[in-house]
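Source file: data_27.txt (compact mmCIF, C-alpha atoms and all ligand atoms)
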```txt
# COMPACT_ATOMS: atom_id res chain seq x y z
CA MET A 1 50.94 85.63 116.65
CA ILE A 2 47.20 85.12 116.85
CA SER A 3 46.24 81.46 116.87
CA THR A 4 43.35 81.02 119.34
CA VAL A 5 40.28 83.23 119.09
CA LEU A 6 37.39 83.59 121.53
CA ILE A 7 34.00 84.54 120.07
CA THR A 8 31.50 85.69 122.68
CA GLY A 9 27.98 85.02 121.42
CA GLY A 10 29.61 82.61 118.97
CA ALA A 11 26.61 80.27 118.82
CA GLY A 12 24.44 82.98 117.25
CA PHE A 13 23.89 83.89 113.63
CA ILE A 14 27.01 85.97 113.00
CA GLY A 15 29.22 84.20 115.55
CA SER A 16 28.65 80.75 114.04
CA HIS A 17 29.55 81.94 110.54
CA LEU A 18 32.59 83.75 111.90
CA THR A 19 33.58 80.49 113.62
CA ASP A 20 33.49 78.63 110.27
CA HIS A 21 35.39 81.44 108.55
CA LEU A 22 38.19 81.44 111.13
CA LEU A 23 38.43 77.64 111.39
CA ALA A 24 38.83 77.49 107.61
CA ARG A 25 41.78 79.88 107.93
CA GLY A 26 43.57 77.75 110.51
CA TYR A 27 42.60 79.54 113.74
CA LYS A 28 41.49 77.65 116.83
CA VAL A 29 38.10 78.92 117.93
CA ARG A 30 36.46 78.95 121.34
CA ILE A 31 32.87 80.07 121.84
CA LEU A 32 31.31 81.53 124.98
CA ASP A 33 27.54 81.54 124.76
CA VAL A 34 24.59 81.05 127.10
CA LEU A 35 22.19 80.03 124.29
CA VAL A 36 19.45 82.50 125.15
CA PRO A 37 15.94 81.09 124.59
CA GLN A 38 14.83 84.04 122.44
CA VAL A 39 17.42 83.00 119.85
CA HIS A 40 17.90 79.26 120.43
CA GLY A 41 14.48 78.13 121.72
CA GLU A 42 13.10 77.41 125.18
CA ASN A 43 15.36 74.36 125.74
CA ARG A 44 18.50 76.36 124.90
CA ARG A 45 19.28 73.86 122.16
CA HIS A 46 22.89 73.49 121.09
CA PRO A 47 22.61 74.60 117.44
CA ALA A 48 23.19 71.76 114.96
CA TYR A 49 25.04 74.18 112.67
CA LEU A 50 27.86 74.83 115.19
CA ALA A 51 31.21 73.52 113.96
CA PRO A 52 32.27 70.56 116.16
CA GLU A 53 35.93 71.66 115.84
CA ALA A 54 35.15 74.79 117.87
CA GLU A 55 35.41 74.52 121.64
CA PHE A 56 32.10 75.46 123.26
CA ILE A 57 31.86 76.96 126.74
CA TYR A 58 28.36 77.38 128.09
CA GLY A 59 28.37 80.58 130.11
CA ASP A 60 27.02 84.07 130.54
CA ILE A 61 29.08 87.10 129.50
CA ARG A 62 28.02 88.71 132.81
CA ASP A 63 29.62 85.88 134.83
CA PRO A 64 33.25 86.86 135.65
CA GLU A 65 34.27 83.24 136.34
CA ALA A 66 32.91 81.97 133.02
CA VAL A 67 34.60 84.83 131.16
CA LYS A 68 37.92 84.21 132.92
CA ARG A 69 37.75 80.53 131.99
CA ALA A 70 36.90 81.39 128.39
CA LEU A 71 39.90 83.72 128.07
CA LYS A 72 42.53 81.15 129.10
CA GLY A 73 45.06 80.71 126.28
CA VAL A 74 43.23 83.09 123.97
CA ASP A 75 45.08 85.58 121.69
CA ALA A 76 42.13 87.51 120.23
CA VAL A 77 38.52 88.22 121.16
CA PHE A 78 35.49 88.97 119.00
CA HIS A 79 32.86 90.38 121.32
CA LEU A 80 29.50 89.54 119.76
CA ALA A 81 27.40 88.49 122.77
CA ALA A 82 24.50 90.90 123.08
CA THR A 83 20.76 91.17 123.34
CA VAL A 84 19.71 92.35 119.89
CA GLY A 85 16.62 94.34 118.86
CA VAL A 86 15.66 97.99 118.55
CA GLY A 87 11.93 97.82 119.37
CA GLN A 88 12.28 95.37 122.27
CA SER A 89 15.05 97.45 123.81
CA MET A 90 12.51 100.24 124.44
CA TYR A 91 10.77 98.17 127.13
CA LYS A 92 13.34 95.49 128.14
CA ILE A 93 15.57 98.34 129.25
CA HIS A 94 17.11 96.48 132.17
CA LEU A 95 17.94 93.40 130.09
CA TYR A 96 19.54 95.37 127.24
CA SER A 97 21.57 97.50 129.62
CA ASP A 98 22.54 94.49 131.70
CA VAL A 99 23.75 92.15 128.95
CA ASN A 100 25.18 94.73 126.58
CA ALA A 101 26.73 97.21 129.00
CA LEU A 102 27.45 95.15 132.12
CA GLY A 103 28.45 92.08 130.06
CA THR A 104 31.01 94.18 128.19
CA ALA A 105 32.30 95.62 131.46
CA VAL A 106 32.83 92.10 132.86
CA LEU A 107 34.72 91.08 129.71
CA LEU A 108 36.94 94.16 129.90
CA GLU A 109 37.85 93.63 133.55
CA ALA A 110 38.89 90.10 132.64
CA LEU A 111 40.87 91.40 129.65
CA ALA A 112 42.71 93.86 131.87
CA ASP A 113 44.11 90.79 133.71
CA HIS A 114 44.59 88.84 130.51
CA PRO A 115 45.49 91.26 127.69
CA VAL A 116 45.14 89.85 124.18
CA GLU A 117 46.61 90.77 120.81
CA ARG A 118 43.27 91.88 119.34
CA LEU A 119 39.84 92.91 120.55
CA VAL A 120 37.10 93.32 117.96
CA VAL A 121 33.72 94.55 119.12
CA ALA A 122 30.51 94.15 117.13
CA SER A 123 28.98 97.59 117.02
CA SER A 124 26.00 98.60 114.95
CA MET A 125 24.69 101.06 112.37
CA SER A 126 22.00 101.80 114.96
CA VAL A 127 24.48 104.14 116.70
CA TYR A 128 24.07 106.67 113.87
CA GLY A 129 20.34 107.05 114.33
CA GLU A 130 19.32 108.66 111.06
CA GLY A 131 22.01 108.46 108.39
CA LEU A 132 23.41 111.50 106.64
CA TYR A 133 21.16 113.74 104.55
CA LYS A 134 21.52 116.67 102.18
CA ASN A 135 19.13 119.61 102.10
CA SER A 136 17.68 121.32 99.04
CA THR A 137 20.80 123.49 98.68
CA GLY A 138 23.10 120.46 98.78
CA GLN A 139 24.37 121.06 102.32
CA THR A 140 25.01 118.06 104.56
CA VAL A 141 22.60 117.62 107.47
CA GLU A 142 24.17 115.63 110.35
CA ASN A 143 21.46 115.64 112.96
CA ALA A 144 18.30 115.04 110.97
CA ALA A 145 15.35 113.78 112.99
CA ARG A 146 11.61 113.35 112.62
CA SER A 147 9.07 115.30 114.62
CA LEU A 148 6.29 113.41 116.38
CA VAL A 149 3.78 115.79 114.81
CA ARG A 150 4.78 114.72 111.30
CA LEU A 151 4.97 111.05 112.31
CA ARG A 152 1.45 111.26 113.78
CA SER A 153 0.21 112.50 110.41
CA HIS A 154 2.04 109.57 108.77
CA GLU A 155 4.62 111.72 107.05
CA TRP A 156 7.58 109.40 107.20
CA ASP A 157 10.27 111.39 105.37
CA LEU A 158 12.57 114.01 106.84
CA TYR A 159 12.36 117.71 106.14
CA GLY A 160 14.82 120.57 106.38
CA ASP A 161 14.32 124.01 107.91
CA ASP A 162 12.95 125.20 104.54
CA GLU A 163 10.24 122.46 104.68
CA GLU A 164 11.87 120.74 101.68
CA LYS A 165 12.40 116.98 101.81
CA LEU A 166 15.91 115.93 102.86
CA LEU A 167 17.75 113.45 100.64
CA PRO A 168 19.58 110.53 102.28
CA PHE A 169 23.07 109.55 101.22
CA ALA A 170 25.68 107.00 102.32
CA THR A 171 26.79 107.41 105.94
CA PRO A 172 30.50 107.39 106.79
CA GLU A 173 32.02 106.66 110.23
CA THR A 174 32.54 110.39 110.79
CA LYS A 175 28.83 111.02 111.25
CA VAL A 176 28.08 112.01 114.83
CA PRO A 177 26.09 109.23 116.59
CA SER A 178 22.55 110.09 117.61
CA LEU A 179 21.45 106.95 119.56
CA PRO A 180 17.64 106.96 119.21
CA SER A 181 16.99 103.67 121.06
CA VAL A 182 18.16 101.84 124.17
CA TYR A 183 19.72 99.25 121.87
CA ALA A 184 21.67 101.96 119.99
CA LEU A 185 22.81 103.50 123.25
CA SER A 186 23.94 100.12 124.58
CA LYS A 187 25.84 99.31 121.37
CA TYR A 188 27.58 102.67 121.47
CA TYR A 189 28.47 102.10 125.12
CA GLN A 190 29.91 98.66 124.20
CA GLU A 191 31.91 100.17 121.38
CA ARG A 192 33.32 103.07 123.38
CA LEU A 193 34.02 100.98 126.48
CA CYS A 194 35.95 98.42 124.45
CA LEU A 195 38.04 101.01 122.59
CA ASN A 196 38.66 103.06 125.72
CA VAL A 197 39.72 100.20 128.01
CA ALA A 198 41.66 98.42 125.26
CA GLN A 199 43.72 101.55 124.69
CA ALA A 200 44.44 101.90 128.41
CA TYR A 201 45.78 98.32 128.56
CA GLY A 202 47.62 98.39 125.22
CA ILE A 203 45.23 95.98 123.50
CA PRO A 204 44.93 96.67 119.75
CA SER A 205 41.20 97.08 119.15
CA VAL A 206 38.68 97.66 116.38
CA ALA A 207 34.95 98.40 116.38
CA LEU A 208 32.94 97.16 113.41
CA ARG A 209 29.60 98.87 112.83
CA PHE A 210 27.52 96.15 111.19
CA PHE A 211 24.62 97.23 108.98
CA ASN A 212 21.63 94.91 108.30
CA VAL A 213 23.23 91.47 108.18
CA PHE A 214 21.26 88.65 106.56
CA GLY A 215 21.83 85.01 105.72
CA THR A 216 21.44 81.43 106.81
CA ARG A 217 21.13 80.52 110.52
CA GLN A 218 19.51 83.78 111.58
CA SER A 219 16.89 82.76 114.13
CA LEU A 220 13.49 82.27 112.46
CA SER A 221 11.65 82.26 115.77
CA ASN A 222 13.04 85.52 117.15
CA PRO A 223 10.57 88.27 116.19
CA TYR A 224 12.66 91.08 117.68
CA THR A 225 15.54 91.35 115.22
CA GLY A 226 16.66 90.48 111.69
CA VAL A 227 14.08 91.94 109.33
CA LEU A 228 14.74 89.42 106.55
CA ALA A 229 14.49 86.46 108.97
CA ILE A 230 11.21 87.88 110.28
CA PHE A 231 9.86 88.29 106.74
CA ALA A 232 11.03 84.75 105.88
CA SER A 233 9.26 83.38 108.93
CA ARG A 234 6.03 85.12 107.87
CA LEU A 235 6.29 83.91 104.27
CA LEU A 236 7.11 80.31 105.24
CA ASN A 237 3.85 80.39 107.22
CA ASN A 238 2.04 81.83 104.16
CA ARG A 239 1.54 85.18 105.86
CA PRO A 240 2.46 88.57 104.40
CA PRO A 241 5.55 90.38 105.70
CA MET A 242 4.41 93.28 107.90
CA ILE A 243 6.09 96.55 106.98
CA HIS A 244 6.23 99.61 109.22
CA GLU A 245 5.75 103.07 107.69
CA ASP A 246 5.33 102.89 103.89
CA GLY A 247 8.13 100.45 103.08
CA LEU A 248 10.26 103.10 101.35
CA GLN A 249 12.71 103.43 104.24
CA ARG A 250 16.21 102.49 103.09
CA ARG A 251 18.77 100.17 104.65
CA ASP A 252 22.00 98.42 103.69
CA PHE A 253 21.68 94.62 103.59
CA VAL A 254 25.03 92.88 103.83
CA TYR A 255 25.32 89.15 103.25
CA ILE A 256 26.80 87.17 106.13
CA LYS A 257 29.71 85.80 104.06
CA ASP A 258 30.83 89.32 103.18
CA LEU A 259 30.47 90.40 106.80
CA VAL A 260 32.70 87.62 108.16
CA GLN A 261 35.27 88.49 105.51
CA ALA A 262 35.52 91.97 107.11
CA CYS A 263 35.75 90.45 110.61
CA GLY A 264 38.56 88.12 109.56
CA LEU A 265 40.54 90.97 108.02
CA THR A 266 40.81 92.69 111.41
CA LEU A 267 43.08 89.89 112.67
CA SER A 268 45.81 90.69 110.17
CA PHE A 269 45.33 94.46 110.34
CA GLU A 270 48.33 95.97 112.14
CA GLU A 271 47.22 99.59 112.69
CA CYS A 272 44.19 98.89 114.82
CA SER A 273 44.51 101.54 117.45
CA GLY A 274 40.86 102.01 118.24
CA GLN A 275 39.57 102.42 114.70
CA VAL A 276 35.91 102.17 113.70
CA PHE A 277 34.70 100.69 110.40
CA ASN A 278 31.31 100.45 108.74
CA VAL A 279 30.58 96.95 107.46
CA GLY A 280 27.78 96.97 104.92
CA SER A 281 27.28 96.13 101.26
CA GLY A 282 27.61 99.76 100.19
CA GLN A 283 24.18 99.46 98.48
CA ALA A 284 20.84 100.88 99.64
CA SER A 285 17.54 98.98 99.32
CA THR A 286 14.03 99.82 100.46
CA ILE A 287 12.37 97.48 102.91
CA LEU A 288 9.50 96.99 100.47
CA GLU A 289 11.95 95.96 97.75
CA VAL A 290 13.65 93.32 99.92
CA ALA A 291 10.28 91.94 101.07
CA GLU A 292 9.14 91.58 97.46
CA LYS A 293 12.46 90.06 96.34
CA LEU A 294 12.35 87.52 99.17
CA ALA A 295 8.74 86.54 98.35
CA LYS A 296 9.75 86.05 94.73
CA ALA A 297 12.87 84.04 95.64
CA LEU A 298 10.69 81.85 97.89
CA ASP A 299 8.34 81.36 94.97
CA LYS A 300 5.52 83.11 96.82
CA PRO A 301 5.16 86.22 94.63
CA THR A 302 1.42 86.42 95.25
CA ILE A 303 1.90 87.12 98.97
CA GLN A 304 2.09 90.91 98.93
CA PRO A 305 3.74 92.66 101.89
CA GLN A 306 1.28 94.35 104.23
CA ILE A 307 2.05 98.04 104.71
CA ALA A 308 1.21 98.75 108.36
CA ASP A 309 1.59 102.53 108.02
CA THR A 310 2.84 102.68 111.62
CA TYR A 311 5.97 104.11 113.24
CA ARG A 312 7.93 102.20 115.90
CA THR A 313 9.53 104.31 118.60
CA GLY A 314 13.30 104.27 118.11
CA ASP A 315 13.12 103.49 114.37
CA ILE A 316 14.92 105.58 111.80
CA ARG A 317 13.96 106.32 108.22
CA ASN A 318 17.19 105.85 106.25
CA CYS A 319 20.68 104.63 106.98
CA PHE A 320 23.03 102.92 104.56
CA ALA A 321 26.78 102.53 104.64
CA ASP A 322 29.66 104.37 103.13
CA ILE A 323 32.22 101.55 103.20
CA THR A 324 35.15 103.50 101.73
CA ARG A 325 37.16 103.30 104.94
CA ALA A 326 36.82 99.52 105.28
CA ARG A 327 37.66 99.08 101.60
CA GLU A 328 40.74 101.28 101.71
CA ILE A 329 42.17 100.40 105.11
CA LEU A 330 41.02 96.82 105.79
CA GLY A 331 40.91 95.70 102.15
CA TYR A 332 37.25 94.69 102.54
CA HIS A 333 35.50 93.83 99.28
CA PRO A 334 31.90 92.66 99.52
CA VAL A 335 31.08 90.33 96.65
CA TYR A 336 27.47 89.23 97.27
CA SER A 337 24.61 91.13 95.65
CA LEU A 338 21.29 91.15 97.50
CA GLU A 339 19.94 88.66 94.95
CA GLN A 340 22.90 86.27 95.37
CA GLY A 341 22.53 86.39 99.14
CA LEU A 342 18.79 85.78 98.88
CA THR A 343 19.39 82.75 96.66
CA GLU A 344 21.60 81.11 99.31
CA LEU A 345 19.21 82.12 102.06
CA VAL A 346 16.24 80.59 100.26
CA GLU A 347 18.10 77.34 99.68
CA TRP A 348 18.63 77.08 103.45
CA LEU A 349 15.05 78.16 104.21
CA SER A 350 13.77 75.22 102.18
CA THR A 351 15.23 72.94 104.88
CA GLN A 352 13.73 74.91 107.81
CA SER A 353 10.41 75.28 109.54
CA ALA A 354 9.69 78.65 111.14
CA GLU A 355 7.67 79.76 114.14
CA ASP A 356 6.22 83.17 113.36
CA HIS A 357 5.96 85.19 116.60
CA SER A 358 5.87 88.60 114.93
CA SER A 359 2.34 89.38 116.15
CA VAL A 360 3.57 88.95 119.76
CA ALA A 361 6.32 91.51 119.16
CA ALA A 362 3.86 93.91 117.49
CA ARG A 363 1.38 93.54 120.39
CA GLU A 364 4.09 94.17 122.99
CA LEU A 365 4.96 97.47 121.32
CA ALA A 366 1.35 98.56 120.80
CA GLU A 367 0.35 97.78 124.43
CA ARG A 368 3.06 100.15 125.61
CA GLY A 369 2.16 102.93 123.20
CA LEU A 370 5.45 102.41 121.32
CA THR A 371 3.86 102.49 117.88
CA VAL A 372 2.28 105.57 116.32
N1 LIG B 401 22.42 90.79 112.85
C1 LIG B 401 22.59 92.06 112.54
O1 LIG B 401 22.04 92.56 111.54
C2 LIG B 401 23.46 92.95 113.41
C3 LIG B 401 23.60 94.29 113.03
C4 LIG B 401 24.40 95.12 113.83
C5 LIG B 401 25.07 94.61 114.91
N2 LIG B 401 24.90 93.28 115.25
C6 LIG B 401 25.62 92.80 116.44
O2 LIG B 401 26.29 91.58 116.11
C7 LIG B 401 26.34 90.73 117.24
C8 LIG B 401 25.80 89.35 116.89
O3 LIG B 401 24.46 89.48 116.43
P1 LIG B 401 23.65 88.25 115.83
O4 LIG B 401 22.79 88.80 114.75
O5 LIG B 401 24.55 87.12 115.54
O6 LIG B 401 22.70 87.92 117.05
P2 LIG B 401 22.25 86.50 117.65
O7 LIG B 401 21.15 86.81 118.60
O8 LIG B 401 22.03 85.51 116.56
O9 LIG B 401 23.54 86.05 118.45
C9 LIG B 401 23.87 86.56 119.71
C10 LIG B 401 24.39 85.42 120.54
O10 LIG B 401 24.75 85.96 121.82
C11 LIG B 401 24.32 85.04 122.80
N3 LIG B 401 24.10 85.77 124.05
C12 LIG B 401 23.11 86.66 124.32
N4 LIG B 401 23.20 87.07 125.60
C13 LIG B 401 24.28 86.44 126.12
C14 LIG B 401 24.88 86.45 127.40
N5 LIG B 401 24.36 87.16 128.40
N6 LIG B 401 25.98 85.70 127.61
C15 LIG B 401 26.50 84.94 126.59
N7 LIG B 401 25.96 84.86 125.38
C16 LIG B 401 24.85 85.62 125.14
C17 LIG B 401 23.04 84.43 122.25
O11 LIG B 401 22.74 83.19 122.86
C18 LIG B 401 23.35 84.32 120.77
O12 LIG B 401 23.88 83.06 120.46
C19 LIG B 401 25.55 91.45 118.34
O13 LIG B 401 26.48 92.12 119.16
C20 LIG B 401 24.70 92.45 117.58
O14 LIG B 401 24.39 93.58 118.38
C21 LIG B 401 24.11 92.45 114.53
```
Just give me the structure as structure tokens.
Ligand SMILES: NC(=O)c1ccc[n+]([C@@H]2O[C@H](COP(=O)([O-])OP(=O)(O)OC[C@H]3O[C@@H](n4cnc5c(N)ncnc54)[C@H](O)[C@@H]3O)[C@@H](O)[C@H]2O)c1
Amino acid sequence: MISTVLITGGAGFIGSHLTDHLLARGYKVRILDVLVPQVHGENRRHPAYLAPEAEFIYGDIRDPEAVKRALKGVDAVFHLAATVGVGQSMYKIHLYSDVNALGTAVLLEALADHPVERLVVASSMSVYGEGLYKNSTGQTVENAARSLVRLRSHEWDLYGDDEEKLLPFATPETKVPSLPSVYALSKYYQERLCLNVAQAYGIPSVALRFFNVFGTRQSLSNPYTGVLAIFASRLLNNRPPMIHEDGLQRRDFVYIKDLVQACGLTLSFEECSGQVFNVGSGQASTILEVAEKLAKALDKPTIQPQIADTYRTGDIRNCFADITRAREILGYHPVYSLEQGLTELVEWLSTQSAEDHSSVAARELAERGLTV
């Protein structure tokens, strides 16, 4: 029986909510986290939102001794610790490979000595690259990609062989990954390594491919990830959200409370022999639409998003989730609409101050020629 759960990266945005969700359901929770400054601030502050009932171990996922200590007496592991960000991964290549790949390898060696009843790894929609498309004759296109020539002439959409625009549709788990960024590659490596090693040691395992998660506690000072947190940080400083391309790129925004529901379900799911599930809302929104809705919810409707008309290396145009598999097999039922999630987010934002570092992130990309 699963009673004690370790959450690596449990002090972060998703991990802290998962902690609350599991504590409320009677599990004991232990967190292993090194409180990285990019997320928690220069002084590696212990987040005030962390549930005091959870046991906190300060340690790095790449440190075998810390990981061994964290695994003592644990029945299940959620592996969330990671460096997170598509754009930044294209120049912090060592860091992303080190934390995400090596950190996962250290965890798995420790798990080989201390098998658990469940391993759940946080994977990402980024592994798909572009989502699925259909061409003008209705055929599915699996490996759609954008040419640099078109991107340089600011044509952001995707085209088929017949030069007709491709139409995006919901992406299921069966889509072949395409891994357009170092981050995507590292998340896929994490996912595969976990499922592969878990199978070898008889550890029931699941990979959850999270789509764009949003909600309270997402770092407002980290300009490298979390598009809604970045927009919120801009708006709270009375600056316009900066939007790459034309803002019509589509994503799936899933509210944090729905996401942790899916995570929790994996603990009572018996058939988890290396299965992969999309976790999204099942709804597609354009980036422009979410920026405008957030500005309105924050009562700043006059601050119009700024369309940068630029492409970031590693970015994709459209990807949103087909969540049929999670619905049917895990019994996952997202209940939050984008608007409901934004209402809760805005309530929390009214108690926060935000440091907007987004121009630093933009400059770092531009200096390296990683924007077109
Ligand atoms: N937020 C999203 O939209 C999203 C989408 C897809 C996948 N994910 C995945 O979900 C997981 C959690 O993401 P999040 O949004 O909560 O990010 P987050 O940055 O808020 O949390 C990550 C946590 O991991 C910790 N951490 C980082 N490096 C570590 C290390 N070397 N050792 C120990 N702890 C370390 C950080 O201190 C932080 O508390 C990640 O694996 C991420 O790749 C997130």
Near-ligand residues for ligand LIG 401 (chain B), threshold 8 Å, only C-alpha atoms and all ligand atoms, as an mmCIF file with C-alpha atoms, in the coordinates of the input:
```
data_model
loop_
_atom_site.group_PDB
_atom_site.id
_atom_site.type_symbol
_atom_site.label_atom_id
_atom_site.label_comp_id
_atom_site.auth_asym_id
_atom_site.auth_seq_id
_atom_site.Cartn_x
_atom_site.Cartn_y
_atom_site.Cartn_z
ATOM 1 C CA THR A 8 31.500 85.690 122.680
ATOM 2 C CA GLY A 9 27.980 85.020 121.420
ATOM 3 C CA GLY A 10 29.610 82.610 118.970
ATOM 4 C CA ALA A 11 26.610 80.270 118.820
ATOM 5 C CA GLY A 12 24.440 82.980 117.250
ATOM 6 C CA PHE A 13 23.890 83.890 113.630
ATOM 7 C CA ILE A 14 27.010 85.970 113.000
ATOM 8 C CA GLY A 15 29.220 84.200 115.550
ATOM 9 C CA SER A 16 28.650 80.750 114.040
ATOM 10 C CA LEU A 32 31.310 81.530 124.980
ATOM 11 C CA ASP A 33 27.540 81.540 124.760
ATOM 12 C CA VAL A 34 24.590 81.050 127.100
ATOM 13 C CA LEU A 35 22.190 80.030 124.290
ATOM 14 C CA VAL A 36 19.450 82.500 125.150
ATOM 15 C CA PRO A 37 15.940 81.090 124.590
ATOM 16 C CA GLN A 38 14.830 84.040 122.440
ATOM 17 C CA VAL A 39 17.420 83.000 119.850
ATOM 18 C CA HIS A 40 17.900 79.260 120.430
ATOM 19 C CA TYR A 58 28.360 77.380 128.090
ATOM 20 C CA GLY A 59 28.370 80.580 130.110
ATOM 21 C CA ASP A 60 27.020 84.070 130.540
ATOM 22 C CA ILE A 61 29.080 87.100 129.500
ATOM 23 C CA ARG A 62 28.020 88.710 132.810
ATOM 24 C CA HIS A 79 32.860 90.380 121.320
ATOM 25 C CA LEU A 80 29.500 89.540 119.760
ATOM 26 C CA ALA A 81 27.400 88.490 122.770
ATOM 27 C CA ALA A 82 24.500 90.900 123.080
ATOM 28 C CA THR A 83 20.760 91.170 123.340
ATOM 29 C CA VAL A 84 19.710 92.350 119.890
ATOM 30 C CA GLY A 85 16.620 94.340 118.860
ATOM 31 C CA VAL A 99 23.750 92.150 128.950
ATOM 32 C CA ASN A 100 25.180 94.730 126.580
ATOM 33 C CA GLY A 103 28.450 92.080 130.060
ATOM 34 C CA VAL A 121 33.720 94.550 119.120
ATOM 35 C CA ALA A 122 30.510 94.150 117.130
ATOM 36 C CA SER A 123 28.980 97.590 117.020
ATOM 37 C CA SER A 124 26.000 98.600 114.950
ATOM 38 C CA MET A 125 24.690 101.060 112.370
ATOM 39 C CA SER A 126 22.000 101.800 114.960
ATOM 40 C CA LYS A 187 25.840 99.310 121.370
ATOM 41 C CA ARG A 209 29.600 98.870 112.830
ATOM 42 C CA PHE A 210 27.520 96.150 111.190
ATOM 43 C CA PHE A 211 24.620 97.230 108.980
ATOM 44 C CA ASN A 212 21.630 94.910 108.300
ATOM 45 C CA VAL A 213 23.230 91.470 108.180
ATOM 46 C CA PHE A 214 21.260 88.650 106.560
ATOM 47 C CA ARG A 217 21.130 80.520 110.520
ATOM 48 C CA GLN A 218 19.510 83.780 111.580
ATOM 49 C CA SER A 219 16.890 82.760 114.130
ATOM 50 C CA THR A 225 15.540 91.350 115.220
ATOM 51 C CA GLY A 226 16.660 90.480 111.690
#
```
Which residues are close to range 308-319 of chain A, i.e. within 8 Å by all atoms listed in the file, leaving aside same-chain residues fewer than 2 positions away? Reply as a ChimeraX atom specification. /A:86-87,90,125,128-132,151,154,156-158,168-171,180-181,242-246,249-252,306,321,365,370-372
Show me, as a PyMOL selection string, the residues that have an atom within 8 Å of Tyr255 in chain A when counting only C-alpha atoms, minus same-chain residues fewer than 4 positions from it. chain A and resi 213-215+259+281+336-338+341
Nearest residue to Ile203 in chain A from the set A:Leu236, A:Ala76, A:Leu330, A:Ala366 (distances using all atoms listed in the file): A:Ala76
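CA of Ala229 in chain A sits 9.9 Å away from CA of Asp356 in chain A.
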Name all residues at most 9 Å from Ala207 in chain A (count only C-alpha atoms; drop same-chain ones fewer than 4 positions away) and give them as a PDB file with C-alpha atoms, in the coordinates of the input.
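What follows is the written file out_15.pdb:
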```
ATOM      1  CA  LEU A 119      39.840  92.910 120.550  1.00  0.00           C
ATOM      2  CA  VAL A 120      37.100  93.320 117.960  1.00  0.00           C
ATOM      3  CA  VAL A 121      33.720  94.550 119.120  1.00  0.00           C
ATOM      4  CA  ALA A 122      30.510  94.150 117.130  1.00  0.00           C
ATOM      5  CA  SER A 123      28.980  97.590 117.020  1.00  0.00           C
ATOM      6  CA  GLU A 191      31.910 100.170 121.380  1.00  0.00           C
ATOM      7  CA  ARG A 192      33.320 103.070 123.380  1.00  0.00           C
ATOM      8  CA  CYS A 194      35.950  98.420 124.450  1.00  0.00           C
ATOM      9  CA  LEU A 195      38.040 101.010 122.590  1.00  0.00           C
ATOM     10  CA  GLY A 274      40.860 102.010 118.240  1.00  0.00           C
ATOM     11  CA  GLN A 275      39.570 102.420 114.700  1.00  0.00           C
ATOM     12  CA  VAL A 276      35.910 102.170 113.700  1.00  0.00           C
ATOM     13  CA  PHE A 277      34.700 100.690 110.400  1.00  0.00           C
ATOM     14  CA  ASN A 278      31.310 100.450 108.740  1.00  0.00           C
TER      15      ASN A 278
END
```
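Each of A:Val346, A:Ala112, A:Ala101, A:Ile256 was checked against Ser186 in chain A using all atoms listed in the file; the smallest atom-to-atom distance is that of A:Ala101.
Between CA of Val5 in chain A and CA of Pro334 in chain A lies a distance of 23.3 Å.
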